[in-house]
$ cat data-v7.txt   # compact mmCIF, C-alpha atoms
# COMPACT_ATOMS: atom_id res chain seq x y z
CA MET A 1 -7.21 -7.39 -24.40
CA SER A 2 -9.83 -5.42 -26.31
CA GLU A 3 -12.73 -7.48 -25.00
CA HIS A 4 -11.68 -6.67 -21.43
CA SER A 5 -10.95 -3.00 -21.85
CA GLU A 6 -13.98 -2.13 -23.91
CA HIS A 7 -16.59 -0.59 -21.76
CA ASN A 8 -19.99 -1.89 -22.61
CA GLU A 9 -21.86 1.31 -23.36
CA ASN A 10 -25.20 -0.43 -23.73
CA ASN A 11 -24.95 -2.15 -20.41
CA THR A 12 -24.59 0.65 -17.90
CA GLU A 13 -27.74 -0.51 -16.18
CA GLY A 14 -29.61 -3.73 -15.94
CA GLU A 15 -27.62 -6.93 -15.92
CA TYR A 16 -23.96 -6.75 -15.06
CA HIS A 17 -21.79 -9.13 -16.98
CA GLU A 18 -18.63 -10.39 -15.36
CA GLN A 19 -15.96 -8.56 -17.34
CA HIS A 20 -12.90 -9.25 -15.22
CA HIS A 21 -10.50 -11.80 -16.51
CA VAL A 22 -10.01 -14.68 -14.10
CA VAL A 23 -6.44 -15.97 -14.16
CA SER A 24 -6.30 -19.73 -13.80
CA PRO A 25 -4.53 -21.36 -10.82
CA ALA A 26 -2.33 -23.27 -13.26
CA LEU A 27 -0.96 -19.99 -14.62
CA TYR A 28 -0.44 -18.66 -11.08
CA ALA A 29 1.49 -21.85 -10.26
CA MET A 30 3.66 -21.42 -13.36
CA ILE A 31 4.45 -17.83 -12.38
CA LEU A 32 5.33 -19.01 -8.86
CA LEU A 33 7.70 -21.60 -10.30
CA ALA A 34 9.32 -19.01 -12.59
CA LEU A 35 9.77 -16.62 -9.64
CA LEU A 36 11.39 -19.33 -7.51
CA CYS A 37 13.73 -20.32 -10.36
CA ALA A 38 14.69 -16.67 -10.88
CA THR A 39 15.44 -16.37 -7.15
CA ALA A 40 17.73 -19.40 -7.30
CA LEU A 41 19.37 -18.00 -10.44
CA THR A 42 20.07 -14.56 -8.97
CA CYS A 43 21.45 -16.14 -5.81
CA GLY A 44 23.74 -18.44 -7.81
CA MET A 45 24.92 -15.69 -10.15
CA SER A 46 26.09 -13.57 -7.21
CA TYR A 47 28.75 -16.23 -6.48
CA ILE A 48 30.24 -15.88 -9.97
CA ASP A 49 32.44 -12.95 -10.93
CA LEU A 50 30.86 -11.73 -14.15
CA GLY A 51 33.61 -9.19 -14.75
CA GLU A 52 33.43 -5.56 -15.66
CA TRP A 53 33.42 -3.25 -18.65
CA HIS A 54 35.79 -0.27 -18.62
CA ILE A 55 33.81 2.17 -20.71
CA THR A 56 36.26 5.04 -20.30
CA GLN A 57 38.71 6.19 -17.71
CA GLY A 58 36.96 6.24 -14.34
CA VAL A 59 33.72 4.83 -15.71
CA THR A 60 33.32 1.09 -15.17
CA LEU A 61 30.23 -1.04 -15.50
CA PHE A 62 30.16 -4.11 -13.26
CA TRP A 63 28.07 -6.92 -14.71
CA ASN A 64 27.02 -8.55 -11.44
CA PRO A 65 24.65 -5.79 -10.29
CA VAL A 66 23.39 -5.36 -13.87
CA VAL A 67 22.43 -9.05 -14.05
CA ALA A 68 20.98 -9.01 -10.51
CA LEU A 69 18.79 -6.01 -11.36
CA ALA A 70 17.77 -7.49 -14.72
CA ILE A 71 16.56 -10.64 -12.95
CA ALA A 72 14.77 -8.52 -10.31
CA CYS A 73 13.06 -6.50 -13.08
CA THR A 74 11.95 -9.71 -14.79
CA LYS A 75 10.49 -10.98 -11.52
CA MET A 76 8.74 -7.64 -10.99
CA SER A 77 7.24 -7.82 -14.49
CA LEU A 78 5.87 -11.32 -13.83
CA VAL A 79 4.30 -10.21 -10.54
CA VAL A 80 2.82 -7.03 -12.03
CA LEU A 81 1.51 -8.65 -15.22
CA PHE A 82 -0.02 -11.80 -13.75
CA PHE A 83 -0.38 -11.59 -9.95
CA MET A 84 -1.51 -7.97 -10.20
CA HIS A 85 -3.55 -8.65 -13.36
CA ILE A 86 -2.06 -5.77 -15.38
CA LYS A 87 -1.89 -7.97 -18.49
CA TYR A 88 -5.68 -8.18 -18.39
CA SER A 89 -6.43 -4.69 -17.11
CA ARG A 90 -7.83 -1.63 -18.83
CA ARG A 91 -5.60 0.75 -20.74
CA LEU A 92 -5.96 3.42 -18.07
CA THR A 93 -4.53 1.09 -15.43
CA LYS A 94 -1.67 0.02 -17.70
CA LEU A 95 -0.85 3.66 -18.36
CA THR A 96 -0.95 4.42 -14.64
CA VAL A 97 1.61 1.70 -13.89
CA LEU A 98 3.90 2.76 -16.71
CA SER A 99 3.73 6.42 -15.73
CA GLY A 100 4.68 5.48 -12.16
CA LEU A 101 7.76 3.60 -13.34
CA PHE A 102 8.61 6.40 -15.75
CA ILE A 103 8.48 9.10 -13.07
CA PHE A 104 10.51 6.93 -10.69
CA LEU A 105 13.26 6.39 -13.28
CA THR A 106 13.16 10.07 -14.30
CA LEU A 107 13.66 11.20 -10.71
CA ILE A 108 16.55 8.76 -10.20
CA GLY A 109 18.10 9.77 -13.52
CA MET A 110 17.87 13.49 -12.90
CA THR A 111 19.29 13.15 -9.41
CA LEU A 112 22.21 11.17 -10.84
CA THR A 113 22.95 13.80 -13.50
CA ASP A 114 23.45 16.25 -10.65
CA TYR A 115 25.83 14.02 -8.72
CA MET A 116 27.79 13.02 -11.82
CA SER A 117 28.17 16.51 -13.27
CA ARG A 118 29.35 18.15 -10.04
CA ALA A 119 32.59 16.20 -10.07
CA TRP A 120 32.89 15.94 -13.84
CA GLY A 121 36.12 14.17 -14.81
CA ARG A 122 37.15 13.66 -11.19
CA TRP A 123 35.44 10.33 -10.63
CA MET B 1 -33.40 -8.69 -23.17
CA SER B 2 -36.75 -8.14 -24.82
CA ASP B 3 -38.06 -4.67 -25.66
CA SER B 4 -40.69 -4.70 -22.98
CA THR B 5 -38.25 -5.46 -20.17
CA ALA B 6 -35.83 -2.83 -21.54
CA ILE B 7 -38.59 -0.23 -21.30
CA ALA B 8 -39.52 -1.45 -17.84
CA ASN B 9 -35.92 -1.20 -16.67
CA GLY B 10 -35.58 2.20 -18.28
CA THR B 11 -38.47 3.68 -16.34
CA ALA B 12 -37.25 2.05 -13.15
CA ALA B 13 -33.79 3.55 -13.67
CA GLU B 14 -35.23 7.05 -13.69
CA LYS B 15 -36.37 6.67 -10.13
CA HIS B 16 -33.78 4.31 -8.75
CA HIS B 17 -30.99 2.24 -10.24
CA GLU B 18 -31.42 -1.46 -9.96
CA HIS B 19 -28.20 -2.60 -8.44
CA PRO B 20 -26.71 -5.14 -6.09
CA PRO B 21 -26.51 -4.08 -2.43
CA TYR B 22 -22.72 -3.67 -2.57
CA GLN B 23 -22.85 -1.12 -5.37
CA ARG B 24 -22.54 2.44 -4.08
CA HIS B 25 -25.33 4.64 -5.29
CA HIS B 26 -23.14 7.16 -7.13
CA PHE B 27 -21.66 4.57 -9.51
CA GLU B 28 -23.27 3.71 -12.81
CA SER B 29 -22.37 0.05 -12.54
CA VAL B 30 -20.48 -2.44 -10.41
CA ASP B 31 -17.86 -2.50 -13.15
CA GLN B 32 -17.35 1.25 -12.94
CA GLN B 33 -17.13 1.02 -9.15
CA PHE B 34 -14.49 -1.70 -9.42
CA ASP B 35 -12.44 0.31 -11.91
CA ALA B 36 -12.58 3.48 -9.82
CA THR B 37 -11.38 1.67 -6.68
CA ASN B 38 -8.76 -0.27 -8.60
CA PHE B 39 -7.44 2.92 -10.18
CA ALA B 40 -7.29 4.62 -6.78
CA MET B 41 -5.35 1.67 -5.36
CA TRP B 42 -2.80 1.96 -8.16
CA LEU B 43 -2.44 5.69 -7.52
CA PHE B 44 -1.71 4.86 -3.88
CA LEU B 45 0.89 2.32 -4.98
CA LEU B 46 2.55 5.00 -7.15
CA THR B 47 3.00 7.16 -4.05
CA GLU B 48 4.51 4.09 -2.40
CA ILE B 49 6.99 3.74 -5.29
CA MET B 50 8.05 7.35 -4.67
CA PHE B 51 8.29 6.68 -0.93
CA PHE B 52 10.63 3.71 -1.33
CA GLY B 53 12.28 5.43 -4.30
CA GLY B 54 14.04 7.90 -2.01
CA LEU B 55 15.58 5.02 -0.06
CA PHE B 56 16.69 3.28 -3.25
CA MET B 57 18.24 6.55 -4.47
CA ALA B 58 20.17 6.98 -1.21
CA TYR B 59 21.32 3.37 -1.48
CA LEU B 60 22.53 3.84 -5.06
CA LEU B 61 24.58 6.89 -4.17
CA MET B 62 26.10 5.56 -0.95
CA ARG B 63 26.95 2.25 -2.59
CA ASN B 64 28.86 4.08 -5.33
CA TRP B 65 30.71 6.24 -2.83
CA TYR B 66 31.54 3.59 -0.24
CA TYR B 67 31.60 0.42 -2.31
CA PRO B 68 34.26 -1.50 -0.26
CA ALA B 69 32.34 -0.82 2.97
CA PHE B 70 29.09 -1.99 1.35
CA VAL B 71 30.70 -5.23 0.13
CA GLU B 72 32.13 -6.20 3.50
CA ALA B 73 29.08 -5.10 5.46
CA SER B 74 26.77 -7.09 3.17
CA HIS B 75 28.88 -10.19 3.88
CA GLN B 76 27.48 -9.95 7.39
CA LEU B 77 24.01 -10.84 6.09
CA SER B 78 23.03 -14.48 5.91
CA ILE B 79 22.44 -15.76 2.38
CA PHE B 80 20.50 -18.66 3.83
CA TRP B 81 17.99 -16.55 5.74
CA GLY B 82 17.78 -13.97 2.96
CA THR B 83 16.99 -16.55 0.28
CA ALA B 84 14.59 -18.38 2.61
CA ASN B 85 12.74 -15.13 3.25
CA THR B 86 12.54 -14.34 -0.47
CA THR B 87 11.04 -17.77 -1.05
CA VAL B 88 8.56 -17.36 1.81
CA LEU B 89 7.42 -13.99 0.48
CA ILE B 90 7.08 -15.17 -3.12
CA ILE B 91 4.99 -18.15 -2.00
CA SER B 92 2.84 -15.79 0.09
CA SER B 93 2.26 -13.71 -3.05
CA PHE B 94 1.10 -16.88 -4.79
CA THR B 95 -1.30 -17.76 -1.96
CA MET B 96 -2.58 -14.17 -2.06
CA ALA B 97 -3.21 -14.45 -5.80
CA MET B 98 -5.05 -17.71 -5.08
CA SER B 99 -7.12 -15.91 -2.41
CA VAL B 100 -8.28 -13.47 -5.09
CA TRP B 101 -9.07 -16.41 -7.37
CA SER B 102 -11.08 -18.12 -4.61
CA ALA B 103 -13.05 -14.92 -4.02
CA GLN B 104 -13.71 -14.60 -7.76
CA MET B 105 -14.90 -18.21 -7.84
CA ARG B 106 -17.04 -17.55 -4.74
CA ARG B 107 -15.44 -20.40 -2.82
CA LYS B 108 -15.44 -19.35 0.79
CA GLY B 109 -13.62 -22.38 2.19
CA LEU B 110 -10.71 -22.03 -0.22
CA LEU B 111 -10.61 -18.27 0.32
CA LEU B 112 -10.18 -18.81 4.07
CA VAL B 113 -7.49 -21.44 3.51
CA PHE B 114 -5.44 -19.21 1.20
CA LEU B 115 -5.89 -16.10 3.36
CA GLY B 116 -4.75 -18.18 6.33
CA LEU B 117 -1.69 -19.43 4.45
CA THR B 118 -0.80 -15.88 3.37
CA PHE B 119 -1.11 -14.79 7.00
CA VAL B 120 1.14 -17.59 8.26
CA LEU B 121 3.77 -16.97 5.54
CA GLY B 122 3.70 -13.24 6.31
CA LEU B 123 4.33 -13.97 9.98
CA GLY B 124 7.08 -16.42 9.00
CA PHE B 125 8.77 -13.70 7.00
CA LEU B 126 8.72 -11.33 9.98
CA GLY B 127 10.02 -14.10 12.24
CA ILE B 128 13.03 -14.72 10.00
CA LYS B 129 13.59 -10.97 9.74
CA GLY B 130 13.57 -10.88 13.55
CA ILE B 131 16.27 -13.58 13.73
CA GLU B 132 18.44 -11.57 11.33
CA TRP B 133 17.92 -8.28 13.12
CA HIS B 134 18.69 -9.91 16.45
CA GLU B 135 22.03 -11.14 15.12
CA LYS B 136 22.89 -7.56 14.10
CA TRP B 137 22.03 -6.44 17.61
CA VAL B 138 24.24 -9.11 19.18
CA LYS B 139 27.18 -8.20 16.91
CA HIS B 140 26.83 -4.44 17.59
CA HIS B 141 25.93 -3.75 13.97
CA VAL B 142 22.89 -1.61 14.73
CA PRO B 143 23.75 1.89 13.46
CA GLY B 144 23.30 5.14 15.30
CA ILE B 145 23.60 3.82 18.83
CA HIS B 146 26.59 4.21 21.10
CA ASN B 147 27.87 0.64 20.89
CA PHE B 148 28.05 0.32 17.09
CA SER B 149 31.27 -1.53 16.36
CA ASP B 150 33.22 -1.68 13.08
CA ALA B 151 35.72 -4.19 14.49
CA SER B 152 34.56 -6.83 11.97
CA PHE B 153 35.72 -4.53 9.17
CA LEU B 154 38.91 -3.07 10.69
CA ASN B 155 40.03 -6.58 11.49
CA PRO B 156 37.95 -9.12 9.53
CA ALA B 157 39.83 -12.07 11.10
CA SER B 158 38.21 -11.12 14.42
CA ASP B 159 34.91 -12.33 12.94
CA PRO B 160 35.84 -15.95 12.06
CA GLU B 161 32.33 -17.01 10.93
CA VAL B 162 32.32 -14.50 8.07
CA TYR B 163 36.09 -14.46 7.52
CA LYS B 164 36.39 -18.16 6.70
CA GLU B 165 33.95 -17.69 3.80
CA TYR B 166 35.00 -14.39 2.26
CA HIS B 167 38.56 -13.63 3.48
CA ASP B 168 37.82 -9.91 3.49
CA LYS B 169 40.77 -7.52 3.67
CA PRO B 170 40.90 -4.98 6.52
CA LEU B 171 39.33 -1.64 5.64
CA SER B 172 40.88 1.70 6.49
CA PRO B 173 39.31 3.28 9.60
CA ALA B 174 37.62 5.93 7.40
CA MET B 175 36.07 3.31 5.10
CA ALA B 176 35.23 0.92 7.95
CA SER B 177 33.17 3.65 9.61
CA LYS B 178 31.07 3.84 6.42
CA THR B 179 29.74 0.33 7.06
CA GLU B 180 27.47 2.09 9.53
CA MET B 181 25.86 3.78 6.49
CA TYR B 182 25.21 0.38 4.94
CA PHE B 183 23.60 -0.86 8.13
CA PHE B 184 21.58 2.34 8.38
CA LEU B 185 20.17 1.74 4.89
CA TYR B 186 19.73 -1.96 5.67
CA PHE B 187 17.62 -1.23 8.74
CA ALA B 188 15.75 1.66 7.10
CA MET B 189 14.82 -0.35 4.00
CA THR B 190 14.07 -3.71 5.60
CA GLY B 191 12.40 -1.90 8.53
CA MET B 192 10.14 0.12 6.26
CA HIS B 193 9.38 -3.05 4.31
CA ALA B 194 8.61 -4.92 7.55
CA LEU B 195 6.29 -2.10 8.65
CA HIS B 196 4.35 -2.62 5.42
CA MET B 197 4.23 -6.34 6.18
CA VAL B 198 2.86 -5.66 9.68
CA ILE B 199 0.14 -3.41 8.22
CA GLY B 200 -0.60 -6.08 5.60
CA ILE B 201 -0.88 -8.82 8.21
CA GLY B 202 -3.24 -6.63 10.26
CA LEU B 203 -5.43 -6.11 7.19
CA LEU B 204 -5.31 -9.86 6.51
CA ILE B 205 -6.84 -10.53 9.94
CA TYR B 206 -9.62 -8.07 9.12
CA ILE B 207 -10.21 -9.65 5.70
CA PHE B 208 -10.20 -13.16 7.21
CA ILE B 209 -12.86 -12.23 9.78
CA ARG B 210 -15.01 -10.56 7.12
CA ALA B 211 -14.49 -13.45 4.71
CA LYS B 212 -15.86 -15.87 7.33
CA THR B 213 -19.19 -14.05 7.11
CA GLY B 214 -19.13 -14.51 3.32
CA ALA B 215 -18.44 -10.84 2.63
CA TYR B 216 -16.16 -11.42 -0.37
CA THR B 217 -17.75 -14.51 -1.91
CA ASN B 218 -20.96 -12.79 -3.01
CA GLY B 219 -19.42 -11.46 -6.23
CA HIS B 220 -17.99 -8.35 -4.60
CA TYR B 221 -14.31 -9.12 -4.15
CA THR B 222 -12.88 -5.64 -4.84
CA PHE B 223 -11.35 -5.31 -1.38
CA VAL B 224 -9.54 -8.66 -1.63
CA GLU B 225 -8.30 -7.76 -5.12
CA ASN B 226 -6.98 -4.36 -4.00
CA PHE B 227 -5.41 -5.76 -0.85
CA GLY B 228 -3.74 -8.31 -3.12
CA LEU B 229 -2.22 -5.43 -5.11
CA TYR B 230 -0.77 -4.03 -1.88
CA TRP B 231 0.62 -7.42 -0.85
CA HIS B 232 2.23 -8.01 -4.26
CA PHE B 233 3.68 -4.49 -4.18
CA VAL B 234 5.39 -5.24 -0.86
CA ASP B 235 6.67 -8.47 -2.43
CA ILE B 236 8.15 -6.49 -5.36
CA ILE B 237 9.99 -4.17 -2.96
CA TRP B 238 11.58 -7.24 -1.38
CA ILE B 239 12.44 -8.68 -4.82
CA PHE B 240 14.68 -5.61 -5.23
CA LEU B 241 15.94 -5.44 -1.64
CA TYR B 242 17.17 -9.04 -1.77
CA PRO B 243 19.80 -8.63 -4.55
CA LEU B 244 20.69 -5.09 -3.49
CA LEU B 245 21.32 -5.82 0.19
CA TYR B 246 22.33 -9.50 0.24
CA LEU B 247 24.03 -10.19 -3.10
CA ILE B 248 26.41 -7.24 -3.48
CA SER B 249 29.57 -9.27 -4.00
CA ARG B 250 29.63 -12.82 -2.80
CA TYR B 251 32.47 -14.19 -4.93

$ encode --input "data-v7.txt" --output "structure tokens"
Amino acid sequence: MSEHSEHNENNTEGEYHEQHHVVSPALYAMILLALLCATALTCGMSYIDLGEWHITQGVTLFWNPVVALAIACTKMSLVVLFFMHIKYSRRLTKLTVLSGLFIFLTLIGMTLTDYMSRAWGRW
Amino acid sequence: MSDSTAIANGTAAEKHHEHPPYQRHHFESVDQQFDATNFAMWLFLLTEIMFFGGLFMAYLLMRNWYYPAFVEASHQLSIFWGTANTTVLIISSFTMAMSVWSAQMRRKGLLLVFLGLTFVLGLGFLGIKGIEWHEKWVKHHVPGIHNFSDASFLNPASDPEVYKEYHDKPLSPAMASKTEMYFFLYFAMTGMHALHMVIGIGLLIYIFIRAKTGAYTNGHYTFVENFGLYWHFVDIIWIFLYPLLYLISRY
């Protein structure tokens, strides 16, 4: 990625060299295929009872939504990395995307701590 | 670049930057202009994550509180149409990515073809969404209006189409009334997503008309690239809506 993210200091004027990575149609087609397979997989998995994990009294983890979200996150990563060119983007853009996800998860997490702690032990 | 031309360019740059017509005067280079616009687009998408994030948070909480109501209400959604729509939208993301590629390659004909395909697939998505919403209207499953009916959940056998597949047990009146919350979130989330699709399709028409004049095949494809980011973002929202709304518990 270094050759794409490095800003050419000596070339701020004069000729402009094409620095943006062009993703090939073959790769786009492969990503499309992977996304369609993942869609079929997540649809099929929802018809199977994947069971649950009783962590402690009143706290149970159901595997079906975990798997469904894991597949959705994989699909999101493929779209972001290849369709949205983040794999080939500058470090600033990568950091922007990650910070967005981080803040989103932080807000969800902190909201949940509130809801969980209010009825502590009375789930 | 030889020394003499470097000096010549240097003196010219003092008076006026040499740059292509599509480069705004306050940018050092086309590259810098592209990065600035691209960065701004991502910042906008972050605000969009926060915007949809509130809906996802509400969904998470309500689903945990009223899980039985969410299961039975989600059985009312059609797996066929939901999966078809996911496929349509994913393919439209592919054609959008190919539009960006065509613009990068400066191939106007291909760009128009792929923009057109993206437009048609986007409309197809909204059409299918319309069929699904209409069914909710017919079955009185639109929340917040006087004729909302939870009969399908108080007495699942009264809804033979769904009952023969899932054999849902009757819900208590208190829980059955919470299905309205599921349908509220369903309409809010898919509605907000559809609004983004409508805006996207409107922008696609604009881009198509401009692309016909060769506006994006002269090396300046920033607008197509950034619109692509928006389109893919809307696709990602649907990638999460599909398992959350349609696939809650189908076994």

$ interface_residues --input "data-v7.txt" --of "chain B" --to "chain A" --cutoff "9 Å" --atoms "all atoms listed in the file" --output "PyMOL selection string"
chain B and resi 6+9-10+13+17-19+28-32+35+38-39+42-43+45-47+49-50+53-54+56-57+61+79+83+86-87+90-91+93-94+96-98+101+104-105+225+228-229+232-233+235-237+239-240+242-244+247-251

$ residues_around --input "data-v7.txt" --residues "B:Met189" --least-positions-apart "3" --cutoff "9 Å" --atoms "all atoms listed in the file" --output "ChimeraX atom specification"
/B:52,55-56,184-186,192-194,241

$ closest_residue --input "data-v7.txt" --among "B:Leu110, B:Val138, B:Met41, B:Leu154" --to "B:Met175" --atoms "all atoms listed in the file"
B:Leu154

$ atom_distance --input "data-v7.txt" --atom1 "atom CA of B:Gly214" --atom2 "atom CA of B:Pro21"
14.0 Å

$ atom_distance --input "data-v7.txt" --atom1 "atom CA of B:Ala58" --atom2 "atom CA of B:Ala174"
19.5 Å

$ atom_distance --input "data-v7.txt" --atom1 "atom CA of A:Val59" --atom2 "atom CA of B:His75"
25.2 Å

$ build_atoms --input "data-v7.txt" --residues "stretch 89-107 of chain B" --atoms "N, CA and C atoms" --output "PDB file, keeping the file's coordinate frame"
ATOM      1  N   LEU B  89       8.235 -15.121   0.929  1.00  0.00           N
ATOM      2  CA  LEU B  89       7.420 -13.990   0.480  1.00  0.00           C
ATOM      3  C   LEU B  89       6.830 -14.245  -0.906  1.00  0.00           C
ATOM      4  N   ILE B  90       7.601 -14.887  -1.781  1.00  0.00           N
ATOM      5  CA  ILE B  90       7.080 -15.170  -3.120  1.00  0.00           C
ATOM      6  C   ILE B  90       5.932 -16.169  -3.029  1.00  0.00           C
ATOM      7  N   ILE B  91       6.085 -17.187  -2.159  1.00  0.00           N
ATOM      8  CA  ILE B  91       4.990 -18.150  -2.000  1.00  0.00           C
ATOM      9  C   ILE B  91       3.757 -17.456  -1.413  1.00  0.00           C
ATOM     10  N   SER B  92       3.989 -16.502  -0.492  1.00  0.00           N
ATOM     11  CA  SER B  92       2.840 -15.790   0.090  1.00  0.00           C
ATOM     12  C   SER B  92       2.141 -14.948  -0.976  1.00  0.00           C
ATOM     13  N   SER B  93       2.894 -14.443  -1.955  1.00  0.00           N
ATOM     14  CA  SER B  93       2.260 -13.710  -3.050  1.00  0.00           C
ATOM     15  C   SER B  93       1.387 -14.652  -3.874  1.00  0.00           C
ATOM     16  N   PHE B  94       1.885 -15.877  -4.057  1.00  0.00           N
ATOM     17  CA  PHE B  94       1.100 -16.880  -4.790  1.00  0.00           C
ATOM     18  C   PHE B  94      -0.198 -17.196  -4.036  1.00  0.00           C
ATOM     19  N   THR B  95      -0.084 -17.430  -2.721  1.00  0.00           N
ATOM     20  CA  THR B  95      -1.300 -17.760  -1.960  1.00  0.00           C
ATOM     21  C   THR B  95      -2.268 -16.573  -1.957  1.00  0.00           C
ATOM     22  N   MET B  96      -1.706 -15.345  -1.998  1.00  0.00           N
ATOM     23  CA  MET B  96      -2.580 -14.170  -2.060  1.00  0.00           C
ATOM     24  C   MET B  96      -3.310 -14.129  -3.395  1.00  0.00           C
ATOM     25  N   ALA B  97      -2.572 -14.416  -4.484  1.00  0.00           N
ATOM     26  CA  ALA B  97      -3.210 -14.450  -5.800  1.00  0.00           C
ATOM     27  C   ALA B  97      -4.307 -15.516  -5.818  1.00  0.00           C
ATOM     28  N   MET B  98      -4.040 -16.646  -5.135  1.00  0.00           N
ATOM     29  CA  MET B  98      -5.050 -17.710  -5.080  1.00  0.00           C
ATOM     30  C   MET B  98      -6.245 -17.293  -4.211  1.00  0.00           C
ATOM     31  N   SER B  99      -5.996 -16.436  -3.211  1.00  0.00           N
ATOM     32  CA  SER B  99      -7.120 -15.910  -2.410  1.00  0.00           C
ATOM     33  C   SER B  99      -8.058 -15.126  -3.304  1.00  0.00           C
ATOM     34  N   VAL B 100      -7.461 -14.268  -4.166  1.00  0.00           N
ATOM     35  CA  VAL B 100      -8.280 -13.470  -5.090  1.00  0.00           C
ATOM     36  C   VAL B 100      -9.069 -14.405  -6.003  1.00  0.00           C
ATOM     37  N   TRP B 101      -8.399 -15.447  -6.494  1.00  0.00           N
ATOM     38  CA  TRP B 101      -9.070 -16.410  -7.370  1.00  0.00           C
ATOM     39  C   TRP B 101     -10.246 -17.074  -6.641  1.00  0.00           C
ATOM     40  N   SER B 102     -10.014 -17.475  -5.380  1.00  0.00           N
ATOM     41  CA  SER B 102     -11.080 -18.120  -4.610  1.00  0.00           C
ATOM     42  C   SER B 102     -12.264 -17.186  -4.426  1.00  0.00           C
ATOM     43  N   ALA B 103     -11.965 -15.890  -4.179  1.00  0.00           N
ATOM     44  CA  ALA B 103     -13.050 -14.920  -4.020  1.00  0.00           C
ATOM     45  C   ALA B 103     -13.805 -14.760  -5.334  1.00  0.00           C
ATOM     46  N   GLN B 104     -13.055 -14.736  -6.451  1.00  0.00           N
ATOM     47  CA  GLN B 104     -13.710 -14.600  -7.760  1.00  0.00           C
ATOM     48  C   GLN B 104     -14.615 -15.797  -8.033  1.00  0.00           C
ATOM     49  N   MET B 105     -14.142 -16.986  -7.612  1.00  0.00           N
ATOM     50  CA  MET B 105     -14.900 -18.210  -7.840  1.00  0.00           C
ATOM     51  C   MET B 105     -15.990 -18.413  -6.794  1.00  0.00           C
ATOM     52  N   ARG B 106     -16.056 -17.501  -5.838  1.00  0.00           N
ATOM     53  CA  ARG B 106     -17.040 -17.550  -4.740  1.00  0.00           C
ATOM     54  C   ARG B 106     -16.897 -18.825  -3.908  1.00  0.00           C
ATOM     55  N   ARG B 107     -15.657 -19.205  -3.650  1.00  0.00           N
ATOM     56  CA  ARG B 107     -15.440 -20.400  -2.820  1.00  0.00           C
ATOM     57  C   ARG B 107     -14.870 -19.977  -1.486  1.00  0.00           C
TER      58      ARG B 107
END
